[in-house]
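The next block is input.txt, given as compact mmCIF, C-alpha atoms and all ligand atoms.
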# COMPACT_ATOMS: atom_id res chain seq x y z
CA MET A 1 30.53 -179.80 116.17
CA LEU A 2 32.70 -181.65 113.72
CA GLY A 3 30.83 -180.07 110.85
CA GLU A 4 31.46 -176.64 112.25
CA ALA A 5 35.18 -177.28 112.66
CA LYS A 6 35.40 -178.43 109.07
CA TYR A 7 33.56 -175.34 107.95
CA LEU A 8 35.92 -173.04 109.82
CA LYS A 9 38.92 -174.78 108.34
CA LYS A 10 37.55 -174.40 104.85
CA GLU A 11 36.80 -170.73 105.41
CA ARG A 12 40.31 -170.10 106.60
CA LEU A 13 41.80 -171.87 103.60
CA VAL A 14 39.84 -169.71 101.21
CA GLU A 15 41.05 -166.64 102.97
CA LEU A 16 44.66 -167.77 102.82
CA VAL A 17 44.52 -168.61 99.15
CA LYS A 18 43.07 -165.18 98.51
CA GLY A 19 45.91 -163.51 100.30
CA GLU A 20 48.43 -165.67 98.52
CA GLU A 21 47.22 -165.03 95.04
CA LEU A 22 50.56 -163.81 93.77
CA LEU A 23 53.18 -165.92 95.47
CA GLY A 24 55.65 -168.06 93.56
CA PHE A 25 59.25 -169.09 92.95
CA HIS A 26 61.86 -169.33 90.23
CA ALA A 27 60.68 -172.52 88.57
CA PRO A 28 63.04 -174.98 86.89
CA THR A 29 62.49 -175.53 83.17
CA THR A 30 64.16 -178.94 82.94
CA GLY A 31 62.47 -180.86 80.13
CA GLY A 32 61.00 -177.71 78.57
CA ILE A 33 59.62 -174.32 79.48
CA ASP A 34 56.11 -175.76 79.33
CA LYS A 35 56.88 -177.79 82.48
CA ALA A 36 57.31 -174.70 84.68
CA PRO A 37 53.66 -173.64 85.24
CA GLY A 38 52.74 -177.14 86.45
CA ARG A 39 55.62 -177.06 88.90
CA LEU A 40 54.36 -173.76 90.28
CA LYS A 41 50.88 -175.19 90.61
CA GLU A 42 52.21 -178.25 92.36
CA LEU A 43 53.30 -176.01 95.27
CA ASN A 44 50.01 -174.06 95.13
CA CYS A 45 51.58 -171.00 93.53
CA SER A 46 49.88 -168.67 91.10
CA THR A 47 52.89 -166.81 89.76
CA GLY A 48 56.58 -167.41 89.21
CA GLN A 49 59.70 -166.79 87.23
CA ILE A 50 61.62 -168.73 84.58
CA PHE A 51 64.66 -168.45 82.36
CA SER A 52 63.61 -168.72 78.71
CA LYS A 53 67.06 -170.04 77.80
CA ASN A 54 70.24 -171.23 79.51
CA ASN A 55 71.11 -168.22 81.66
CA ARG A 56 74.85 -168.86 81.60
CA GLN A 57 75.18 -169.20 77.84
CA TRP A 58 74.90 -166.63 75.07
CA LYS A 59 73.25 -169.05 72.71
CA ALA A 60 69.49 -169.52 72.87
CA ARG A 61 68.18 -172.90 71.77
CA ASP A 62 65.09 -173.05 69.59
CA PHE A 63 61.86 -173.87 71.36
CA TYR A 64 60.80 -177.51 71.01
CA GLU A 65 57.83 -178.33 68.85
CA ASN A 66 54.64 -177.35 70.75
CA GLU A 67 56.70 -175.95 73.62
CA ILE A 68 55.24 -172.46 73.22
CA SER A 69 51.63 -173.56 72.88
CA ASP A 70 51.98 -176.10 75.69
CA PHE A 71 53.53 -173.42 77.87
CA GLN A 72 50.72 -170.98 77.15
CA LYS A 73 48.07 -173.59 77.92
CA ALA A 74 49.74 -174.44 81.23
CA ALA A 75 50.41 -170.80 82.15
CA ASP A 76 46.75 -169.94 81.52
CA LYS A 77 45.82 -172.18 84.44
CA LEU A 78 47.71 -169.89 86.84
CA ASP A 79 45.92 -166.87 88.25
CA GLY A 80 48.96 -164.62 88.05
CA PRO A 81 51.66 -163.82 85.51
CA ILE A 82 55.02 -165.49 84.93
CA VAL A 83 58.01 -163.20 84.57
CA VAL A 84 61.20 -164.12 82.74
CA HIS A 85 64.67 -163.47 84.14
CA SER A 86 67.26 -162.59 81.50
CA SER A 87 70.73 -164.10 81.24
CA TYR A 88 73.39 -163.15 83.78
CA LEU A 89 75.85 -162.63 80.92
CA ILE A 90 74.15 -159.52 79.54
CA ASN A 91 75.94 -156.31 80.54
CA LEU A 92 74.60 -153.17 78.90
CA GLY A 93 77.13 -151.10 80.84
CA ASN A 94 80.16 -152.73 79.22
CA PRO A 95 82.58 -150.09 77.86
CA ASP A 96 83.98 -152.65 75.37
CA ASP A 97 82.04 -152.03 72.16
CA GLU A 98 82.05 -155.63 70.91
CA LYS A 99 80.92 -157.01 74.26
CA TRP A 100 78.31 -154.29 74.57
CA LYS A 101 76.89 -155.11 71.13
CA LYS A 102 76.78 -158.79 72.04
CA SER A 103 74.77 -157.89 75.15
CA VAL A 104 72.31 -155.75 73.18
CA ARG A 105 71.79 -158.59 70.68
CA ALA A 106 71.23 -161.06 73.50
CA LEU A 107 68.72 -158.71 75.13
CA ILE A 108 66.79 -158.37 71.87
CA ILE A 109 66.51 -162.17 71.61
CA GLU A 110 65.33 -162.36 75.22
CA ILE A 111 62.65 -159.72 74.59
CA GLU A 112 61.48 -161.61 71.50
CA ARG A 113 61.26 -164.84 73.48
CA VAL A 114 59.17 -163.15 76.18
CA ASP A 115 56.83 -161.95 73.47
CA CYS A 116 56.73 -165.43 71.87
CA LEU A 117 55.57 -166.86 75.18
CA SER A 118 52.90 -164.10 75.47
CA LEU A 119 54.52 -162.82 78.63
CA LYS A 120 55.13 -159.25 79.61
CA ASP A 121 58.09 -158.59 81.91
CA LEU A 122 61.74 -159.46 81.35
CA VAL A 123 63.83 -158.94 84.47
CA LEU A 124 67.25 -157.46 83.75
CA HIS A 125 70.19 -156.52 85.96
CA PRO A 126 70.90 -153.03 84.57
CA GLY A 127 74.64 -153.56 84.14
CA LEU A 128 78.19 -153.02 85.38
CA HIS A 129 80.43 -150.15 84.32
CA VAL A 130 83.58 -152.31 84.59
CA GLY A 131 85.82 -149.38 85.50
CA SER A 132 84.51 -146.76 83.07
CA GLY A 133 82.74 -144.96 85.93
CA GLU A 134 79.09 -144.71 86.94
CA GLU A 135 78.16 -141.88 84.60
CA ALA A 136 79.61 -143.56 81.51
CA GLY A 137 78.02 -146.85 82.58
CA MET A 138 74.57 -145.28 82.97
CA LYS A 139 74.84 -143.75 79.49
CA GLN A 140 75.84 -147.09 77.96
CA ILE A 141 72.90 -148.82 79.63
CA ILE A 142 70.42 -146.22 78.37
CA GLU A 143 71.86 -146.52 74.86
CA GLY A 144 71.61 -150.32 75.02
CA LEU A 145 68.02 -150.24 76.27
CA ASN A 146 67.09 -147.78 73.52
CA GLN A 147 68.56 -150.00 70.82
CA ALA A 148 66.89 -153.13 72.14
CA LEU A 149 63.51 -151.40 72.50
CA GLU A 150 63.84 -149.85 69.05
CA GLU A 151 64.67 -153.25 67.49
CA THR A 152 61.63 -154.77 69.18
CA ALA A 153 59.29 -151.85 68.52
CA GLY A 154 55.74 -153.08 68.19
CA LEU A 155 56.14 -155.71 70.90
CA ASP A 156 54.73 -154.78 74.25
CA ALA A 157 57.13 -156.78 76.38
CA ARG A 158 58.74 -154.65 79.07
CA VAL A 159 62.26 -154.66 80.45
CA SER A 160 61.96 -154.83 84.22
CA LEU A 161 65.06 -153.23 85.76
CA GLU A 162 66.06 -155.07 88.91
CA VAL A 163 67.55 -153.32 91.90
CA THR A 164 71.06 -154.69 92.53
CA ALA A 165 73.16 -155.17 95.67
CA GLY A 166 75.80 -152.81 94.28
CA GLN A 167 78.38 -155.57 94.19
CA GLY A 168 81.55 -154.70 92.22
CA SER A 169 80.80 -152.07 89.59
CA SER A 170 77.13 -152.96 89.20
CA LEU A 171 74.68 -150.10 88.76
CA GLY A 172 71.05 -149.91 89.82
CA TYR A 173 71.71 -150.20 93.56
CA ARG A 174 69.91 -146.92 94.25
CA PHE A 175 66.23 -146.43 93.37
CA GLU A 176 67.23 -143.08 91.86
CA GLN A 177 69.50 -144.86 89.37
CA LEU A 178 66.68 -147.14 88.24
CA ARG A 179 64.42 -144.14 87.75
CA GLU A 180 67.15 -142.31 85.84
CA LEU A 181 67.39 -145.26 83.46
CA LYS A 182 63.64 -145.41 82.89
CA GLU A 183 63.39 -141.68 82.40
CA GLY A 184 66.43 -141.70 80.12
CA VAL A 185 65.04 -144.05 77.45
CA ASP A 186 62.90 -143.03 74.47
CA LYS A 187 60.12 -145.46 75.41
CA PRO A 188 59.82 -145.32 79.23
CA GLU A 189 56.47 -147.10 79.03
CA ARG A 190 58.40 -150.26 78.15
CA ILE A 191 60.48 -150.13 81.32
CA SER A 192 59.23 -151.51 84.64
CA TYR A 193 60.99 -152.33 87.90
CA CYS A 194 61.76 -155.47 89.88
CA LEU A 195 62.61 -155.33 93.59
CA ASP A 196 64.66 -157.93 95.42
CA SER A 197 64.64 -157.93 99.22
CA CYS A 198 68.20 -159.32 99.44
CA HIS A 199 69.60 -156.84 96.92
CA MET A 200 67.87 -153.84 98.51
CA PHE A 201 69.09 -154.85 101.96
CA SER A 202 72.67 -155.47 100.79
CA ALA A 203 72.59 -152.14 99.00
CA GLY A 204 71.76 -150.42 102.29
CA TYR A 205 67.94 -150.29 102.33
CA ASP A 206 67.05 -151.79 105.69
CA LEU A 207 64.05 -154.13 105.93
CA SER A 208 64.76 -155.89 109.20
CA SER A 209 62.24 -154.08 111.44
CA GLU A 210 58.78 -152.68 110.81
CA LYS A 211 60.10 -149.14 111.07
CA ALA A 212 62.99 -149.74 108.68
CA TYR A 213 60.70 -151.61 106.29
CA GLU A 214 58.26 -148.75 106.20
CA GLN A 215 61.02 -146.22 105.57
CA THR A 216 62.42 -148.27 102.69
CA MET A 217 59.00 -148.78 101.12
CA GLN A 218 58.27 -145.08 101.45
CA GLU A 219 61.37 -144.51 99.30
CA VAL A 220 60.19 -147.08 96.79
CA GLU A 221 56.84 -145.33 96.63
CA ASN A 222 58.37 -141.86 96.28
CA VAL A 223 61.11 -142.69 93.80
CA LEU A 224 59.79 -145.62 91.73
CA GLY A 225 56.08 -145.68 92.45
CA ILE A 226 54.13 -148.83 93.33
CA GLU A 227 52.50 -149.29 89.92
CA ASP A 228 55.70 -149.75 87.94
CA VAL A 229 57.07 -152.46 90.22
CA LYS A 230 56.06 -155.65 88.40
CA ALA A 231 57.79 -158.25 90.57
CA ILE A 232 59.44 -158.62 93.97
CA HIS A 233 62.06 -161.27 94.60
CA LEU A 234 61.78 -162.60 98.13
CA ASN A 235 65.17 -163.63 99.45
CA ASP A 236 66.74 -163.28 102.85
CA SER A 237 70.31 -161.98 102.86
CA LEU A 238 73.32 -163.86 104.16
CA ASN A 239 75.23 -160.59 104.62
CA GLU A 240 74.40 -157.52 106.63
CA CYS A 241 72.61 -154.36 105.50
CA GLY A 242 74.88 -152.24 103.32
CA SER A 243 77.39 -155.07 102.73
CA LYS A 244 76.90 -154.80 98.94
CA VAL A 245 77.27 -158.56 98.72
CA ASP A 246 74.56 -160.49 96.87
CA ARG A 247 74.12 -163.78 98.71
CA HIS A 248 70.60 -165.15 99.08
CA ALA A 249 69.49 -166.99 102.21
CA ASP A 250 66.39 -168.94 103.21
CA ILE A 251 63.53 -166.83 104.55
CA GLY A 252 64.09 -166.02 108.22
CA GLU A 253 67.62 -167.44 108.25
CA GLY A 254 69.46 -164.35 107.06
CA GLN A 255 70.08 -160.83 108.29
CA ILE A 256 66.65 -159.52 107.22
CA GLY A 257 64.79 -162.04 109.36
CA ALA A 258 61.13 -162.99 109.65
CA GLU A 259 59.90 -159.53 110.67
CA GLY A 260 60.80 -157.93 107.33
CA PHE A 261 59.01 -160.68 105.43
CA ARG A 262 55.98 -160.46 107.70
CA CYS A 263 55.73 -156.79 106.69
CA LEU A 264 56.16 -157.63 103.01
CA MET A 265 53.63 -160.44 102.98
CA ASN A 266 50.94 -158.33 104.62
CA ASP A 267 51.60 -155.04 102.86
CA LYS A 268 48.47 -154.10 100.91
CA ARG A 269 50.57 -152.01 98.51
CA TRP A 270 52.00 -155.26 97.13
CA GLY A 271 48.74 -157.20 97.05
CA LYS A 272 48.77 -157.34 93.24
CA THR A 273 52.52 -157.66 92.74
CA PRO A 274 54.04 -161.09 92.02
CA LYS A 275 56.27 -162.15 94.93
CA ILE A 276 58.83 -164.67 93.81
CA LEU A 277 61.28 -166.75 95.83
CA GLU A 278 64.84 -167.14 94.60
CA THR A 279 66.14 -168.82 97.75
CA PRO A 280 68.96 -171.38 97.49
CA VAL A 281 67.92 -174.75 96.09
CA GLU A 282 69.59 -177.67 97.82
CA GLU A 283 68.93 -181.11 96.38
CA SER A 284 65.29 -180.72 95.51
CA TRP A 285 63.49 -177.56 94.43
CA ARG A 286 60.25 -178.97 95.82
CA GLU A 287 61.74 -179.25 99.27
CA SER A 288 63.71 -175.99 99.23
CA TYR A 289 60.96 -173.80 97.83
CA GLY A 290 58.29 -175.75 99.73
CA LYS A 291 60.00 -174.93 103.02
CA ASN A 292 60.33 -171.23 102.16
CA LEU A 293 56.75 -170.97 100.86
CA GLU A 294 55.53 -172.49 104.10
CA ARG A 295 57.45 -169.89 106.11
CA LEU A 296 56.05 -167.01 104.04
CA ARG A 297 52.53 -168.35 104.28
CA SER A 298 52.85 -168.69 108.04
CA LEU A 299 53.67 -164.98 108.25
CA LYS A 300 50.35 -163.95 106.72
CA VAL A 301 47.96 -162.48 109.24
ZN ZN B 1 68.09 -161.05 89.32
ZN ZN B 2 70.53 -161.89 93.92

Show the structure stored in the file as structure tokens.
Ligand SMILES: [Zn+2]
Ligand SMILES: [Zn+2]
Amino acid sequence: MLGEAKYLKKERLVELVKGEELLGFHAPTTGGIDKAPGRLKELNCSTGQIFSKNNRQWKARDFYENEISDFQKAADKLDGPIVVHSSYLINLGNPDDEKWKKSVRALIIEIERVDCLSLKDLVLHPGLHVGSGEEAGMKQIIEGLNQALEETAGLDARVSLEVTAGQGSSLGYRFEQLRELKEGVDKPERISYCLDSCHMFSAGYDLSSEKAYEQTMQEVENVLGIEDVKAIHLNDSLNECGSKVDRHADIGEGQIGAEGFRCLMNDKRWGKTPKILETPVEESWRESYGKNLERLRSLKV
């Protein structure tokens, strides 16, 4: 009897791990980028996200000696990919020429760092038009992407345009805008997409019931396609649907609620897409992410 119980437990574990193949979180890189994959593994994750440099500074430090090779060795032990999130300072929509150029240069360095680490997708917030208007902003962003992709021609790293909440003058809060950016560049094959449940919801794409979830994902499928979405950020939203305010909340504690995440976790369309938590970190990332991972895992059927 005892043997049988053990066997059942083991079976169920295998099944869960299978279903969880591509679940992760934004891993801290304190002490070096090479420390991140181990931290993901520690919480039984197979994918994740990192910053490759300080995300609130323009300057990028050099990698430490062996940091790249140590990172690659550690990342190889994960079953899924690691994506890199670019600096929050980059704004390809900036109408100020000097600031725009600075952003393009920073993006080029970020793309090169992704390539250095043998990674593929660099998540980027498309940009803000800062008063120049949406049309002018979209043009600036396309021009900036073109320059950065041209300067890094030969590398196969992709820029993964992230859907935004539409806060302030930020662009990319409609799926159509993201598609317009991809279709507008000379090398669309080097552009992918990144979804974020909090941003979509704040932007007005409801996810809080099964029906609303299905409607939103139908739009994703029709406008962006499933294949080009290379990561999904899993965050609940502190503010209501359509609020255009980007404030992340713990899973199940925001306005999206557990039902939306149950749909996401069990949606076969996203079976091969990295799902990455960016929920608030209190004192300890282990505790904060651990709690949210546990909630997501409990929603798996
Ligand atoms: Zn982001
Ligand atoms: Zn956000």

Show which residues sit within 10 Å of Gly252 (chain A), as a list in words. Count only C-alpha atoms, and ignore same-chain residues fewer than 6 positions away.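 Result of the neighbour search: Asn235, Asp236, Ser237, Ala258, Glu259, Gly260, Phe261, Arg262, Asn292, Arg295 and Leu296 of chain A.
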
Using all atoms listed in the file, pick whichever of A:Phe63, A:Trp58, A:Phe71, A:Phe201 has the shortest atom-to-atom distance to ligand ZN 2 (chain B).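 Looking only at the distances to ligand ZN 2 (chain B), the closest residue turns out to be A:Phe201.
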
Work out how far CA of Val281 (chain A) is from CA of Ser192 (chain A), in Å to one decimal. 27.3 Å

Tell me which protein, DNA and RNA residues are within 8 Å of Leu89 (chain A), counting all atoms listed in the file, leaving out same-chain ones fewer than 4 positions away, and put them as a list in words.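 Result of the neighbour search: Asn55, Arg56, Gln57, Trp58 and Ser103 of chain A.
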
Write out as number ranges by chain each polymer residue (protein, DNA or RNA) that has an atom no more than 12 Å from ligand ZN 1 (chain B), with only C-alpha atoms and all ligand atoms counted. A: 26, 49-51, 55, 83-90, 122-127, 160-165, 172, 193-200, 231-235, 246-248, 276-279

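Closest approach to ligand ZN 2 (chain B) among A:Gly166, A:Asp228, A:Arg297, A:Lys275 is made by A:Gly166 (distances from all atoms listed in the file).
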
Centre and size of axis-aligned box enclosing region 25-42 of chain A plus 8 Å each side, as AutoDock Vina command-line options:
--center_x 57.5 --center_y -175.0 --center_z 85.8 --size_x 29.3 --size_y 27.8 --size_z 30.4

Enter the distance from CA of Val229 (chain A) to CA of Asp76 (chain A), in Å, rounded to one decimal.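 One can read the CA of Val229 (chain A) to CA of Asp76 (chain A) distance as 22.1 Å.
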
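Closest approach to ligand ZN 2 (chain B) among A:Lys300, A:Lys244, A:Lys272, A:Lys120: A:Lys244, based on all atoms listed in the file.
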
For each of A:Leu155, A:Leu40, A:Ala106, A:Ala203, take the minimum atom-to-atom distance to ligand ZN 2 (chain B), counting all atoms listed in the file, then give the residue where this is smallest. A:Ala203

Using only C-alpha atoms, give me every residue within 12 Å of (72.7, -143.0, 80.1) in file coordinates, as a ChimeraX atom specification. /A:92-93,126-127,129,133-146,171,177-186

Of A:Ser170, A:Ser52, A:Thr47, A:Asn94, the one nearest to Lys77 (chain A) when counting only C-alpha atoms is A:Thr47

Quick one: distance from CA of Leu119 (chain A) to CA of Ala60 (chain A) in Å, one decimal?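 About the pair CA of Leu119 (chain A) and CA of Ala60 (chain A): they are 17.4 Å apart.
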
Pick the closest to ligand ZN 2 (chain B) from A:Ala249, A:Glu98, A:Val114, A:Ser209: which is it, counting all atoms listed in the file?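 Closest candidate: A:Ala249.
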
Which neighbours of Val245 (chain A) fall inside 7 Å, counting all atoms listed in the file, when residues of the same chain fewer than 5 positions from it are skipped, and could you give them as JSON, numbers by chain? {"A": [165, 167, 202, 239]}

Save region 248-283 of chain A from what I just supplied, as an mmCIF file, in the first residue's frame, atoms limited to N, CA and C atoms.
data_model
loop_
_atom_site.group_PDB
_atom_site.id
_atom_site.type_symbol
_atom_site.label_atom_id
_atom_site.label_comp_id
_atom_site.auth_asym_id
_atom_site.auth_seq_id
_atom_site.Cartn_x
_atom_site.Cartn_y
_atom_site.Cartn_z
ATOM 1 N N HIS A 248 2.594 46.117 -10.694
ATOM 2 C CA HIS A 248 2.503 44.660 -10.560
ATOM 3 C C HIS A 248 2.010 44.260 -9.171
ATOM 4 N N ALA A 249 1.288 43.149 -9.117
ATOM 5 C CA ALA A 249 0.845 42.598 -7.835
ATOM 6 C C ALA A 249 1.133 41.106 -7.800
ATOM 7 N N ASP A 250 1.140 40.535 -6.600
ATOM 8 C CA ASP A 250 1.332 39.088 -6.464
ATOM 9 C C ASP A 250 0.186 38.355 -7.159
ATOM 10 N N ILE A 251 0.495 37.154 -7.648
ATOM 11 C CA ILE A 251 -0.494 36.354 -8.366
ATOM 12 C C ILE A 251 -1.721 36.098 -7.470
ATOM 13 N N GLY A 252 -2.883 36.428 -8.007
ATOM 14 C CA GLY A 252 -4.127 36.184 -7.270
ATOM 15 C C GLY A 252 -4.502 37.300 -6.309
ATOM 16 N N GLU A 253 -3.623 38.266 -6.127
ATOM 17 C CA GLU A 253 -3.912 39.352 -5.178
ATOM 18 C C GLU A 253 -4.259 40.662 -5.869
ATOM 19 N N GLY A 254 -4.309 40.640 -7.192
ATOM 20 C CA GLY A 254 -4.626 41.861 -7.918
ATOM 21 C C GLY A 254 -5.988 41.775 -8.580
ATOM 22 N N GLN A 255 -6.196 42.632 -9.561
ATOM 23 C CA GLN A 255 -7.489 42.716 -10.237
ATOM 24 C C GLN A 255 -7.683 41.622 -11.287
ATOM 25 N N ILE A 256 -6.614 40.973 -11.720
ATOM 26 C CA ILE A 256 -6.775 39.859 -12.679
ATOM 27 C C ILE A 256 -7.331 38.655 -11.927
ATOM 28 N N GLY A 257 -6.670 38.300 -10.833
ATOM 29 C CA GLY A 257 -7.146 37.201 -10.000
ATOM 30 C C GLY A 257 -6.729 35.832 -10.505
ATOM 31 N N ALA A 258 -6.957 34.832 -9.675
ATOM 32 C CA ALA A 258 -6.472 33.475 -9.943
ATOM 33 C C ALA A 258 -7.021 32.879 -11.241
ATOM 34 N N GLU A 259 -8.258 33.211 -11.585
ATOM 35 C CA GLU A 259 -8.893 32.589 -12.749
ATOM 36 C C GLU A 259 -8.103 32.853 -14.046
ATOM 37 N N GLY A 260 -7.692 34.096 -14.225
ATOM 38 C CA GLY A 260 -6.908 34.450 -15.413
ATOM 39 C C GLY A 260 -5.611 33.661 -15.488
ATOM 40 N N PHE A 261 -4.959 33.469 -14.350
ATOM 41 C CA PHE A 261 -3.697 32.742 -14.346
ATOM 42 C C PHE A 261 -3.905 31.237 -14.493
ATOM 43 N N ARG A 262 -5.049 30.764 -14.023
ATOM 44 C CA ARG A 262 -5.376 29.350 -14.244
ATOM 45 C C ARG A 262 -5.478 29.108 -15.750
ATOM 46 N N CYS A 263 -6.154 30.019 -16.454
ATOM 47 C CA CYS A 263 -6.276 29.898 -17.912
ATOM 48 C C CYS A 263 -4.898 29.923 -18.567
ATOM 49 N N LEU A 264 -4.072 30.875 -18.153
ATOM 50 C CA LEU A 264 -2.745 31.022 -18.751
ATOM 51 C C LEU A 264 -1.859 29.798 -18.531
ATOM 52 N N MET A 265 -1.883 29.295 -17.311
ATOM 53 C CA MET A 265 -1.017 28.166 -16.961
ATOM 54 C C MET A 265 -1.405 26.886 -17.686
ATOM 55 N N ASN A 266 -2.669 26.780 -18.063
ATOM 56 C CA ASN A 266 -3.121 25.529 -18.687
ATOM 57 C C ASN A 266 -3.380 25.662 -20.184
ATOM 58 N N ASP A 267 -3.046 26.805 -20.730
ATOM 59 C CA ASP A 267 -3.304 27.067 -22.145
ATOM 60 C C ASP A 267 -2.225 26.395 -22.998
ATOM 61 N N LYS A 268 -2.644 25.403 -23.779
ATOM 62 C CA LYS A 268 -1.684 24.642 -24.593
ATOM 63 C C LYS A 268 -0.930 25.519 -25.583
ATOM 64 N N ARG A 269 -1.569 26.625 -26.007
ATOM 65 C CA ARG A 269 -0.896 27.520 -26.962
ATOM 66 C C ARG A 269 0.419 28.045 -26.394
ATOM 67 N N TRP A 270 0.504 28.151 -25.078
ATOM 68 C CA TRP A 270 1.699 28.719 -24.443
ATOM 69 C C TRP A 270 2.581 27.645 -23.820
ATOM 70 N N GLY A 271 2.357 26.403 -24.199
ATOM 71 C CA GLY A 271 3.134 25.302 -23.618
ATOM 72 C C GLY A 271 4.635 25.448 -23.818
ATOM 73 N N LYS A 272 5.043 26.071 -24.913
ATOM 74 C CA LYS A 272 6.483 26.176 -25.206
ATOM 75 C C LYS A 272 7.009 27.603 -25.030
ATOM 76 N N THR A 273 6.191 28.450 -24.409
ATOM 77 C CA THR A 273 6.596 29.851 -24.242
ATOM 78 C C THR A 273 7.051 30.096 -22.804
ATOM 79 N N PRO A 274 8.254 30.664 -22.615
ATOM 80 C CA PRO A 274 8.705 30.957 -21.254
ATOM 81 C C PRO A 274 7.732 31.875 -20.523
ATOM 82 N N LYS A 275 7.330 31.457 -19.319
ATOM 83 C CA LYS A 275 6.429 32.272 -18.493
ATOM 84 C C LYS A 275 7.235 32.746 -17.292
ATOM 85 N N ILE A 276 7.345 34.044 -17.152
ATOM 86 C CA ILE A 276 8.308 34.610 -16.213
ATOM 87 C C ILE A 276 7.655 35.586 -15.236
ATOM 88 N N LEU A 277 7.818 35.305 -13.959
ATOM 89 C CA LEU A 277 7.271 36.190 -12.916
ATOM 90 C C LEU A 277 8.107 37.449 -12.764
ATOM 91 N N GLU A 278 7.420 38.559 -12.610
ATOM 92 C CA GLU A 278 8.078 39.835 -12.272
ATOM 93 C C GLU A 278 7.299 40.461 -11.115
ATOM 94 N N THR A 279 6.828 39.632 -10.223
ATOM 95 C CA THR A 279 6.019 40.106 -9.095
ATOM 96 C C THR A 279 6.912 40.851 -8.092
ATOM 97 N N PRO A 280 6.314 41.690 -7.246
ATOM 98 C CA PRO A 280 7.132 42.487 -6.323
ATOM 99 C C PRO A 280 7.988 41.611 -5.409
ATOM 100 N N VAL A 281 9.243 42.013 -5.231
ATOM 101 C CA VAL A 281 10.129 41.294 -4.317
ATOM 102 C C VAL A 281 10.191 42.075 -3.018
ATOM 103 N N GLU A 282 9.801 41.410 -1.941
ATOM 104 C CA GLU A 282 9.848 42.066 -0.624
ATOM 105 C C GLU A 282 11.281 41.994 -0.107
ATOM 106 N N GLU A 283 11.492 41.296 1.015
ATOM 107 C CA GLU A 283 12.858 41.232 1.521
ATOM 108 C C GLU A 283 13.696 40.216 0.770
#
